[in-house]
>>> print(open('coords.pdb').read())   # PDB, C-alpha atoms
ATOM      1  CA  MET D   1       0.000   0.000   0.000
ATOM      2  CA  ASN D   2       1.381   3.413  -0.977
ATOM      3  CA  LEU D   3       0.708   5.673   2.015
ATOM      4  CA  GLY D   4       1.866   8.803   0.156
ATOM      5  CA  LYS D   5      -0.644   8.186  -2.632
ATOM      6  CA  MET D   6      -3.407   7.370  -0.142
ATOM      7  CA  ARG D   7      -2.742  10.598   1.809
ATOM      8  CA  SER D   8      -2.724  12.629  -1.410
ATOM      9  CA  GLU D   9      -6.088  11.174  -2.488
ATOM     10  CA  THR D  10      -7.556  11.891   0.970
ATOM     11  CA  GLU D  11      -6.293  15.492   0.899
ATOM     12  CA  THR D  12      -7.673  15.929  -2.610
ATOM     13  CA  PHE D  13     -11.102  14.597  -1.572
ATOM     14  CA  ASP D  14     -11.064  16.755   1.587
ATOM     15  CA  GLU D  15     -10.184  19.762  -0.585
ATOM     16  CA  TRP D  16     -13.075  18.953  -2.936
ATOM     17  CA  ILE D  17     -15.577  18.793  -0.043
ATOM     18  CA  TYR D  18     -14.142  22.005   1.419
ATOM     19  CA  ASP D  19     -14.513  23.685  -1.990
ATOM     20  CA  GLN D  20     -18.134  22.534  -2.299
ATOM     21  CA  VAL D  21     -19.102  24.110   1.017
ATOM     22  CA  PHE D  22     -16.934  27.183   0.360
ATOM     23  CA  CYS D  23     -18.555  27.737  -3.066
ATOM     24  CA  ALA D  24     -22.026  27.311  -1.564
ATOM     25  CA  VAL D  25     -21.152  30.179   0.788
ATOM     26  CA  LEU D  26     -19.737  32.305  -2.065
ATOM     27  CA  GLU D  27     -22.878  31.746  -4.133
ATOM     28  CA  GLN D  28     -25.039  32.463  -1.081
ATOM     29  CA  ARG D  29     -26.688  29.040  -1.262
ATOM     30  CA  LEU D  30     -25.591  28.711   2.366
ATOM     31  CA  ILE D  31     -26.504  31.913   4.179
ATOM     32  CA  PRO D  32     -25.217  33.362   7.447
ATOM     33  CA  GLY D  33     -26.593  31.522  10.452
ATOM     34  CA  ALA D  34     -27.460  28.345   8.502
ATOM     35  CA  LYS D  35     -26.832  25.251  10.603
ATOM     36  CA  LEU D  36     -24.448  22.642   9.221
ATOM     37  CA  LYS D  37     -25.378  19.272  10.697
ATOM     38  CA  GLU D  38     -22.472  16.857  10.693
ATOM     39  CA  SER D  39     -24.746  13.903  10.004
ATOM     40  CA  ASP D  40     -26.278  15.621   6.962
ATOM     41  CA  LEU D  41     -22.850  16.515   5.587
ATOM     42  CA  CYS D  42     -21.697  12.916   6.137
ATOM     43  CA  ASP D  43     -24.698  11.669   4.138
ATOM     44  CA  VAL D  44     -24.279  14.233   1.336
ATOM     45  CA  PHE D  45     -20.571  13.561   0.824
ATOM     46  CA  GLY D  46     -20.495   9.904   1.893
ATOM     47  CA  VAL D  47     -17.711  10.386   4.425
ATOM     48  CA  SER D  48     -17.157   9.933   8.151
ATOM     49  CA  ARG D  49     -17.723  12.495  10.886
ATOM     50  CA  THR D  50     -13.953  12.689  11.357
ATOM     51  CA  ILE D  51     -13.531  14.035   7.827
ATOM     52  CA  ILE D  52     -16.462  16.449   8.170
ATOM     53  CA  ARG D  53     -15.103  17.750  11.486
ATOM     54  CA  ARG D  54     -11.697  18.331   9.884
ATOM     55  CA  ILE D  55     -13.318  20.303   7.046
ATOM     56  CA  LEU D  56     -15.547  22.306   9.417
ATOM     57  CA  LEU D  57     -12.492  23.182  11.503
ATOM     58  CA  ARG D  58     -10.701  24.451   8.409
ATOM     59  CA  LEU D  59     -13.768  26.476   7.393
ATOM     60  CA  SER D  60     -13.881  27.960  10.900
ATOM     61  CA  LEU D  61     -10.208  28.944  10.659
ATOM     62  CA  ASP D  62     -11.111  30.708   7.404
ATOM     63  CA  LYS D  63     -13.914  32.505   9.308
ATOM     64  CA  VAL D  64     -16.613  31.033   7.051
ATOM     65  CA  VAL D  65     -18.084  28.749   9.714
ATOM     66  CA  GLU D  66     -18.539  29.275  13.447
ATOM     67  CA  LEU D  67     -18.113  26.209  15.657
ATOM     68  CA  ARG D  68     -20.321  26.598  18.721
ATOM     69  CA  PRO D  69     -19.695  24.345  21.707
ATOM     70  CA  ASN D  70     -22.556  21.899  22.221
ATOM     71  CA  LYS D  71     -24.474  23.476  19.331
ATOM     72  CA  GLY D  72     -22.478  22.502  16.262
ATOM     73  CA  ALA D  73     -21.440  24.460  13.203
ATOM     74  CA  VAL D  74     -23.223  27.381  11.562
ATOM     75  CA  ILE D  75     -22.326  29.630   8.653
ATOM     76  CA  ALA D  76     -20.611  32.711  10.106
ATOM     77  CA  THR D  77     -22.588  35.874  10.731
ATOM     78  CA  PRO D  78     -20.198  38.842  10.638
ATOM     79  CA  ALA D  79     -21.098  41.922  12.677
ATOM     80  CA  ALA D  80     -21.403  45.302  10.938
ATOM     81  CA  GLU D  81     -18.004  46.490  12.248
ATOM     82  CA  ASP D  82     -16.398  43.244  11.046
ATOM     83  CA  VAL D  83     -17.877  43.880   7.607
ATOM     84  CA  ARG D  84     -16.333  47.365   7.454
ATOM     85  CA  GLN D  85     -12.974  45.878   8.372
ATOM     86  CA  ILE D  86     -13.328  43.041   5.836
ATOM     87  CA  PHE D  87     -13.933  45.461   2.973
ATOM     88  CA  ALA D  88     -11.141  47.793   4.159
ATOM     89  CA  ALA D  89      -8.745  44.826   4.264
ATOM     90  CA  ARG D  90      -9.782  43.790   0.754
ATOM     91  CA  ARG D  91      -9.144  47.283  -0.585
ATOM     92  CA  LEU D  92      -5.646  47.369   0.898
ATOM     93  CA  LEU D  93      -4.804  43.853  -0.210
ATOM     94  CA  GLU D  94      -6.145  44.228  -3.734
ATOM     95  CA  ILE D  95      -4.182  47.421  -4.346
ATOM     96  CA  GLY D  96      -0.990  45.428  -3.772
ATOM     97  CA  ILE D  97      -2.242  42.520  -5.864
ATOM     98  CA  ILE D  98      -2.814  44.793  -8.878
ATOM     99  CA  GLY D  99       0.794  46.007  -8.839
ATOM    100  CA  ASP D 100       2.193  42.472  -8.712
ATOM    101  CA  ALA D 101      -0.277  41.237 -11.320
ATOM    102  CA  CYS D 102       0.880  43.998 -13.710
ATOM    103  CA  ARG D 103       4.442  42.674 -13.430
ATOM    104  CA  HIS D 104       3.505  39.003 -13.924
ATOM    105  CA  CYS D 105       0.508  38.964 -16.290
ATOM    106  CA  GLY D 106       1.030  37.007 -19.489
ATOM    107  CA  VAL D 107      -1.236  36.531 -22.481
ATOM    108  CA  ASP D 108      -2.749  33.323 -21.076
ATOM    109  CA  ASP D 109      -3.425  35.066 -17.760
ATOM    110  CA  ALA D 110      -5.140  37.990 -19.486
ATOM    111  CA  ASN D 111      -7.264  35.612 -21.564
ATOM    112  CA  ALA D 112      -8.291  33.632 -18.469
ATOM    113  CA  LEU D 113      -9.290  36.854 -16.698
ATOM    114  CA  LYS D 114     -11.267  38.045 -19.750
ATOM    115  CA  ASP D 115     -13.062  34.702 -19.853
ATOM    116  CA  ILE D 116     -14.107  35.029 -16.203
ATOM    117  CA  VAL D 117     -15.363  38.589 -16.811
ATOM    118  CA  GLY D 118     -17.341  37.424 -19.844
ATOM    119  CA  ARG D 119     -18.977  34.625 -17.860
ATOM    120  CA  GLU D 120     -19.641  36.990 -14.938
ATOM    121  CA  ASN D 121     -21.397  39.526 -17.196
ATOM    122  CA  ALA D 122     -23.391  36.742 -18.889
ATOM    123  CA  ALA D 123     -24.517  35.495 -15.463
ATOM    124  CA  ILE D 124     -25.604  39.018 -14.503
ATOM    125  CA  LEU D 125     -27.524  39.498 -17.738
ATOM    126  CA  SER D 126     -29.290  36.152 -17.346
ATOM    127  CA  GLY D 127     -30.275  36.923 -13.745
ATOM    128  CA  ASP D 128     -27.998  34.253 -12.257
ATOM    129  CA  ARG D 129     -27.125  36.199  -9.111
ATOM    130  CA  SER D 130     -25.327  33.379  -7.300
ATOM    131  CA  GLY D 131     -23.240  32.581 -10.381
ATOM    132  CA  ALA D 132     -22.337  36.248 -10.820
ATOM    133  CA  ILE D 133     -21.256  36.527  -7.182
ATOM    134  CA  ARG D 134     -19.131  33.380  -7.466
ATOM    135  CA  LEU D 135     -17.532  34.584 -10.716
ATOM    136  CA  ALA D 136     -16.771  38.027  -9.256
ATOM    137  CA  GLY D 137     -14.947  36.267  -6.426
ATOM    138  CA  GLU D 138     -13.233  33.961  -8.920
ATOM    139  CA  PHE D 139     -12.034  37.033 -10.863
ATOM    140  CA  HIS D 140     -10.362  38.558  -7.804
ATOM    141  CA  LEU D 141      -8.815  35.240  -6.803
ATOM    142  CA  ARG D 142      -7.481  34.619 -10.325
ATOM    143  CA  LEU D 143      -5.956  38.104 -10.270
ATOM    144  CA  ALA D 144      -4.228  37.162  -7.003
ATOM    145  CA  GLU D 145      -2.912  33.983  -8.664
ATOM    146  CA  VAL D 146      -1.465  36.093 -11.475
ATOM    147  CA  ALA D 147       0.264  38.246  -8.843
ATOM    148  CA  GLY D 148       2.057  35.066  -7.745
ATOM    149  CA  ASN D 149       1.936  35.360  -3.954
ATOM    150  CA  ARG D 150       0.324  32.284  -2.384
ATOM    151  CA  PRO D 151      -0.147  33.664   1.170
ATOM    152  CA  ILE D 152      -1.867  36.780  -0.208
ATOM    153  CA  HIS D 153      -4.073  34.581  -2.425
ATOM    154  CA  ASP D 154      -5.076  32.490   0.584
ATOM    155  CA  LEU D 155      -5.848  35.580   2.659
ATOM    156  CA  LEU D 156      -7.909  37.073  -0.168
ATOM    157  CA  ARG D 157      -9.827  33.794  -0.494
ATOM    158  CA  GLN D 158     -10.929  34.162   3.140
ATOM    159  CA  LEU D 159     -11.884  37.806   2.613
ATOM    160  CA  VAL D 160     -13.860  37.026  -0.555
ATOM    161  CA  ALA D 161     -15.916  34.430   1.335
ATOM    162  CA  GLN D 162     -16.451  36.806   4.240
ATOM    163  CA  SER D 163     -17.520  39.517   1.768
ATOM    164  CA  SER D 164     -20.123  37.172   0.338
ATOM    165  CA  LEU D 165     -21.467  36.527   3.834
ATOM    166  CA  ALA D 166     -21.576  40.283   4.428
ATOM    167  CA  LEU D 167     -23.502  40.872   1.210
ATOM    168  CA  ALA D 168     -25.980  38.150   2.145
ATOM    169  CA  LEU D 169     -26.566  39.834   5.504
ATOM    170  CA  TYR D 170     -26.479  43.528   4.711
ATOM    171  CA  GLU D 171     -27.308  44.035   1.041
ATOM    172  CA  ALA D 172     -30.792  45.329   0.333
ATOM    173  CA  PRO D 173     -33.229  42.558  -0.665
ATOM    174  CA  GLY D 174     -33.787  42.380  -4.395
ATOM    175  CA  HIS D 175     -30.620  44.341  -5.165
ATOM    176  CA  LEU D 176     -29.602  43.558  -8.716
ATOM    177  CA  LEU D 177     -26.033  43.305  -9.943
ATOM    178  CA  CYS D 178     -25.151  45.529 -12.874
ATOM    179  CA  VAL D 179     -22.861  44.822 -15.752
ATOM    180  CA  ASP D 180     -20.094  47.372 -15.749
ATOM    181  CA  ASP D 181     -16.646  47.679 -17.205
ATOM    182  CA  ASP D 182     -14.646  47.720 -13.958
ATOM    183  CA  HIS D 183     -13.332  44.173 -14.237
ATOM    184  CA  ILE D 184     -12.560  44.352 -17.952
ATOM    185  CA  ASP D 185     -10.831  47.719 -17.382
ATOM    186  CA  ILE D 186      -8.692  46.054 -14.705
ATOM    187  CA  VAL D 187      -7.799  43.219 -17.089
ATOM    188  CA  THR D 188      -6.882  45.662 -19.853
ATOM    189  CA  SER D 189      -4.653  47.690 -17.531
ATOM    190  CA  VAL D 190      -3.001  44.664 -15.916
ATOM    191  CA  ALA D 191      -2.330  43.033 -19.299
ATOM    192  CA  ALA D 192      -0.678  46.286 -20.430
ATOM    193  CA  GLY D 193       1.404  46.397 -17.227
ATOM    194  CA  ASN D 194      -0.232  49.712 -16.359
TER     195      ASN D 194
END
>>> encode(input="coords.pdb", output="structure tokens")
Amino acid sequence: MNLGKMRSETETFDEWIYDQVFCAVLEQRLIPGAKLKESDLCDVFGVSRTIIRRILLRLSLDKVVELRPNKGAVIATPAAEDVRQIFAARRLLEIGIIGDACRHCGVDDANALKDIVGRENAAILSGDRSGAIRLAGEFHLRLAEVAGNRPIHDLLRQLVAQSSLALALYEAPGHLLCVDDDHIDIVTSVAAGN
């Protein structure tokens, strides 16, 4: 038995489950305060409680899930002051990401970013709010990948998820996303190194 291969497959499957829950938060299919029952997650993903607990712990470290003693896990509910700080942190972080992305962006990177923007705008136009939210987050994370700094990418990933939770809590009901040129303008400038 190859223990290295077995561990790699386990980590990959754990990562997939983590990504499924994380994306459900990004797309606002799981909203702040929603209870995450371990037994339900075990049934959905066909895994043991040990694996689900490991994933919930990781999600709590990323501030996406709150683990409450004797009550279980719930999707995090950020307070208004936390939300202000989350968006301020994103602004500061993304300013630095843009500079690094300008230095590292290649043709393939620019094309990948343009593709995300195209899909995001199509989702907005078709009324697919959750898809548009996920793609907007994907755009910012892909930009961080282009910048080439893994710790910053990981930090931004947490902030993007927390931003989605904040929007679910504090955005006016029925608010519609608008297609604008901000993301494509960013891609154009980054691709030009400007």
>>> closest_residue(input="coords.pdb", among="D:Ala122, D:Val21, D:Val146, D:Ile184", to="D:Gly106", atoms="all atoms listed in the file")
D:Val146
>>> closest_residue(input="coords.pdb", among="D:Ser163, D:Asp181, D:Asn70, D:Val187", to="D:Arg84", atoms="all atoms listed in the file")
D:Ser163
>>> closest_residue(input="coords.pdb", among="D:Gly127, D:Gly137, D:Pro151, D:Gly33", to="D:Ala73", atoms="all atoms listed in the file")
D:Gly33
>>> closest_residue(input="coords.pdb", among="D:Arg54, D:Arg119, D:Arg103, D:Arg134", to="D:Leu165", atoms="all atoms listed in the file")
D:Arg134
>>> residues_around(input="coords.pdb", residues="D:Ile116", least_positions_apart="3", cutoff="7 Å", atoms="all atoms listed in the file", output="list in words")
Ala112, Leu113, Arg119, Glu120, Leu135 and Phe139 of chain D
>>> residues_around(input="coords.pdb", residues="D:Asp82", least_positions_apart="5", cutoff="12 Å", atoms="only C-alpha atoms", output="mmCIF file with C-alpha atoms, in the frame of the given file")
data_model
loop_
_atom_site.group_PDB
_atom_site.id
_atom_site.type_symbol
_atom_site.label_atom_id
_atom_site.label_comp_id
_atom_site.auth_asym_id
_atom_site.auth_seq_id
_atom_site.Cartn_x
_atom_site.Cartn_y
_atom_site.Cartn_z
ATOM 1 C CA LYS D 63 -13.914 32.505 9.308
ATOM 2 C CA ALA D 76 -20.611 32.711 10.106
ATOM 3 C CA THR D 77 -22.588 35.874 10.731
ATOM 4 C CA PHE D 87 -13.933 45.461 2.973
ATOM 5 C CA ALA D 88 -11.141 47.793 4.159
ATOM 6 C CA ALA D 89 -8.745 44.826 4.264
ATOM 7 C CA LEU D 159 -11.884 37.806 2.613
ATOM 8 C CA GLN D 162 -16.451 36.806 4.240
ATOM 9 C CA SER D 163 -17.520 39.517 1.768
ATOM 10 C CA LEU D 165 -21.467 36.527 3.834
ATOM 11 C CA ALA D 166 -21.576 40.283 4.428
ATOM 12 C CA TYR D 170 -26.479 43.528 4.711
#
>>> residues_around(input="coords.pdb", residues="D:Ala110", least_positions_apart="6", cutoff="12 Å", atoms="only C-alpha atoms", output="PyMOL selection string")
chain D and resi 101-102+104+116-117+139+142-143+145-147+183-193
>>> closest_residue(input="coords.pdb", among="D:Ile31, D:Val44, D:Ile133, D:Leu92", to="D:Ile17", atoms="only C-alpha atoms")
D:Val44
>>> atom_distance(input="coords.pdb", atom1="atom CA of D:His140", atom2="atom CA of D:Phe22")
15.5 Å
>>> decode(input="coords.pdb", residues="stretch 57-129 of chain D", atoms="C-alpha atoms", output="mmCIF file, in the first residue's frame")
data_model
loop_
_atom_site.group_PDB
_atom_site.id
_atom_site.type_symbol
_atom_site.label_atom_id
_atom_site.label_comp_id
_atom_site.auth_asym_id
_atom_site.auth_seq_id
_atom_site.Cartn_x
_atom_site.Cartn_y
_atom_site.Cartn_z
ATOM 1 C CA LEU D 57 -12.492 23.182 11.503
ATOM 2 C CA ARG D 58 -10.701 24.451 8.409
ATOM 3 C CA LEU D 59 -13.768 26.476 7.393
ATOM 4 C CA SER D 60 -13.881 27.960 10.900
ATOM 5 C CA LEU D 61 -10.208 28.944 10.659
ATOM 6 C CA ASP D 62 -11.111 30.708 7.404
ATOM 7 C CA LYS D 63 -13.914 32.505 9.308
ATOM 8 C CA VAL D 64 -16.613 31.033 7.051
ATOM 9 C CA VAL D 65 -18.084 28.749 9.714
ATOM 10 C CA GLU D 66 -18.539 29.275 13.447
ATOM 11 C CA LEU D 67 -18.113 26.209 15.657
ATOM 12 C CA ARG D 68 -20.321 26.598 18.721
ATOM 13 C CA PRO D 69 -19.695 24.345 21.707
ATOM 14 C CA ASN D 70 -22.556 21.899 22.221
ATOM 15 C CA LYS D 71 -24.474 23.476 19.331
ATOM 16 C CA GLY D 72 -22.478 22.502 16.262
ATOM 17 C CA ALA D 73 -21.440 24.460 13.203
ATOM 18 C CA VAL D 74 -23.223 27.381 11.562
ATOM 19 C CA ILE D 75 -22.326 29.630 8.653
ATOM 20 C CA ALA D 76 -20.611 32.711 10.106
ATOM 21 C CA THR D 77 -22.588 35.874 10.731
ATOM 22 C CA PRO D 78 -20.198 38.842 10.638
ATOM 23 C CA ALA D 79 -21.098 41.922 12.677
ATOM 24 C CA ALA D 80 -21.403 45.302 10.938
ATOM 25 C CA GLU D 81 -18.004 46.490 12.248
ATOM 26 C CA ASP D 82 -16.398 43.244 11.046
ATOM 27 C CA VAL D 83 -17.877 43.880 7.607
ATOM 28 C CA ARG D 84 -16.333 47.365 7.454
ATOM 29 C CA GLN D 85 -12.974 45.878 8.372
ATOM 30 C CA ILE D 86 -13.328 43.041 5.836
ATOM 31 C CA PHE D 87 -13.933 45.461 2.973
ATOM 32 C CA ALA D 88 -11.141 47.793 4.159
ATOM 33 C CA ALA D 89 -8.745 44.826 4.264
ATOM 34 C CA ARG D 90 -9.782 43.790 0.754
ATOM 35 C CA ARG D 91 -9.144 47.283 -0.585
ATOM 36 C CA LEU D 92 -5.646 47.369 0.898
ATOM 37 C CA LEU D 93 -4.804 43.853 -0.210
ATOM 38 C CA GLU D 94 -6.145 44.228 -3.734
ATOM 39 C CA ILE D 95 -4.182 47.421 -4.346
ATOM 40 C CA GLY D 96 -0.990 45.428 -3.772
ATOM 41 C CA ILE D 97 -2.242 42.520 -5.864
ATOM 42 C CA ILE D 98 -2.814 44.793 -8.878
ATOM 43 C CA GLY D 99 0.794 46.007 -8.839
ATOM 44 C CA ASP D 100 2.193 42.472 -8.712
ATOM 45 C CA ALA D 101 -0.277 41.237 -11.320
ATOM 46 C CA CYS D 102 0.880 43.998 -13.710
ATOM 47 C CA ARG D 103 4.442 42.674 -13.430
ATOM 48 C CA HIS D 104 3.505 39.003 -13.924
ATOM 49 C CA CYS D 105 0.508 38.964 -16.290
ATOM 50 C CA GLY D 106 1.030 37.007 -19.489
ATOM 51 C CA VAL D 107 -1.236 36.531 -22.481
ATOM 52 C CA ASP D 108 -2.749 33.323 -21.076
ATOM 53 C CA ASP D 109 -3.425 35.066 -17.760
ATOM 54 C CA ALA D 110 -5.140 37.990 -19.486
ATOM 55 C CA ASN D 111 -7.264 35.612 -21.564
ATOM 56 C CA ALA D 112 -8.291 33.632 -18.469
ATOM 57 C CA LEU D 113 -9.290 36.854 -16.698
ATOM 58 C CA LYS D 114 -11.267 38.045 -19.750
ATOM 59 C CA ASP D 115 -13.062 34.702 -19.853
ATOM 60 C CA ILE D 116 -14.107 35.029 -16.203
ATOM 61 C CA VAL D 117 -15.363 38.589 -16.811
ATOM 62 C CA GLY D 118 -17.341 37.424 -19.844
ATOM 63 C CA ARG D 119 -18.977 34.625 -17.860
ATOM 64 C CA GLU D 120 -19.641 36.990 -14.938
ATOM 65 C CA ASN D 121 -21.397 39.526 -17.196
ATOM 66 C CA ALA D 122 -23.391 36.742 -18.889
ATOM 67 C CA ALA D 123 -24.517 35.495 -15.463
ATOM 68 C CA ILE D 124 -25.604 39.018 -14.503
ATOM 69 C CA LEU D 125 -27.524 39.498 -17.738
ATOM 70 C CA SER D 126 -29.290 36.152 -17.346
ATOM 71 C CA GLY D 127 -30.275 36.923 -13.745
ATOM 72 C CA ASP D 128 -27.998 34.253 -12.257
ATOM 73 C CA ARG D 129 -27.125 36.199 -9.111
#
